Amino acid sequence: MAKSKWVSTLTQFAEEKDACSACYGSLIYALDWLNDAGKLKKGLPPIGIGQGYQGKEGGIGMGRCTSCFCKSLAGCPPRAAEIVSFLRENRGR
């Protein structure tokens, strides 16, 4: 599969609103790790990421900008390894 199509496939698990490239890149890298481990499943709720979520509530979010979410991983940007651990704990194993 072409790289751009593969990234597009991984982005279906994210709900991005004005995310910086560092944060979004970490999330895509983490999603790729989880996919390689067979841990990504269709139908899971999307992961909120980006500055557009500052002060807004939601389900699962990545980075400082989603600090008001029910479950949010701090960091600006969070590291991919931290995202993998966080998602394994909070989205099912």
# chains A, B, ... in the order shown; residues from 1 in each chain; ligands from 1

$ residues_around --residues "Gly58 in chain A" --least-positions-apart "6" --cutoff "8 Å" --atoms "only C-alpha atoms" --output "PyMOL selection string"
chain A and resi 48+66+68-70

$ select_by_dssp --residues "chain A" --states "alpha helix (DSSP H)" --output "VMD selection string"
chain A and resid 3 to 11 21 to 36 80 to 90

$ write_last_selection --atoms "C-alpha atoms" --output "compact mmCIF listing (two decimals), in the first residue's frame"
# COMPACT_ATOMS: atom_id res chain seq x y z
CA LYS A 3 2.53 5.52 2.12
CA SER A 4 -0.01 8.33 1.70
CA LYS A 5 -2.88 5.82 1.43
CA TRP A 6 -1.62 4.03 4.53
CA VAL A 7 -1.51 7.28 6.54
CA SER A 8 -5.01 8.04 5.28
CA THR A 9 -6.14 4.65 6.60
CA LEU A 10 -4.67 5.41 10.03
CA THR A 11 -6.29 8.85 10.20
CA SER A 21 2.36 18.43 13.01
CA ALA A 22 4.40 17.17 15.99
CA CYS A 23 1.36 16.01 17.94
CA TYR A 24 -0.43 14.55 14.92
CA GLY A 25 2.74 12.82 13.73
CA SER A 26 3.17 11.16 17.14
CA LEU A 27 -0.41 9.92 17.03
CA ILE A 28 -0.06 8.48 13.52
CA TYR A 29 3.21 6.78 14.49
CA ALA A 30 1.52 5.28 17.58
CA LEU A 31 -1.47 4.12 15.53
CA ASP A 32 0.92 2.42 13.12
CA TRP A 33 2.56 0.58 16.06
CA LEU A 34 -0.84 -0.52 17.35
CA ASN A 35 -1.88 -1.68 13.89
CA ASP A 36 1.29 -3.74 13.51
CA ALA A 80 4.36 8.00 20.46
CA ALA A 81 5.34 5.37 23.04
CA GLU A 82 3.22 7.14 25.68
CA ILE A 83 0.29 7.27 23.25
CA VAL A 84 0.56 3.53 22.60
CA SER A 85 0.47 2.76 26.34
CA PHE A 86 -2.37 5.21 26.95
CA LEU A 87 -4.51 3.80 24.13
CA ARG A 88 -3.90 0.21 25.22
CA GLU A 89 -5.16 1.13 28.69
CA ASN A 90 -8.08 3.29 27.60

$ select_by_dssp --residues "range 13-83 of chain A" --states "strand (DSSP E or B)" --output "count of residues only"
12
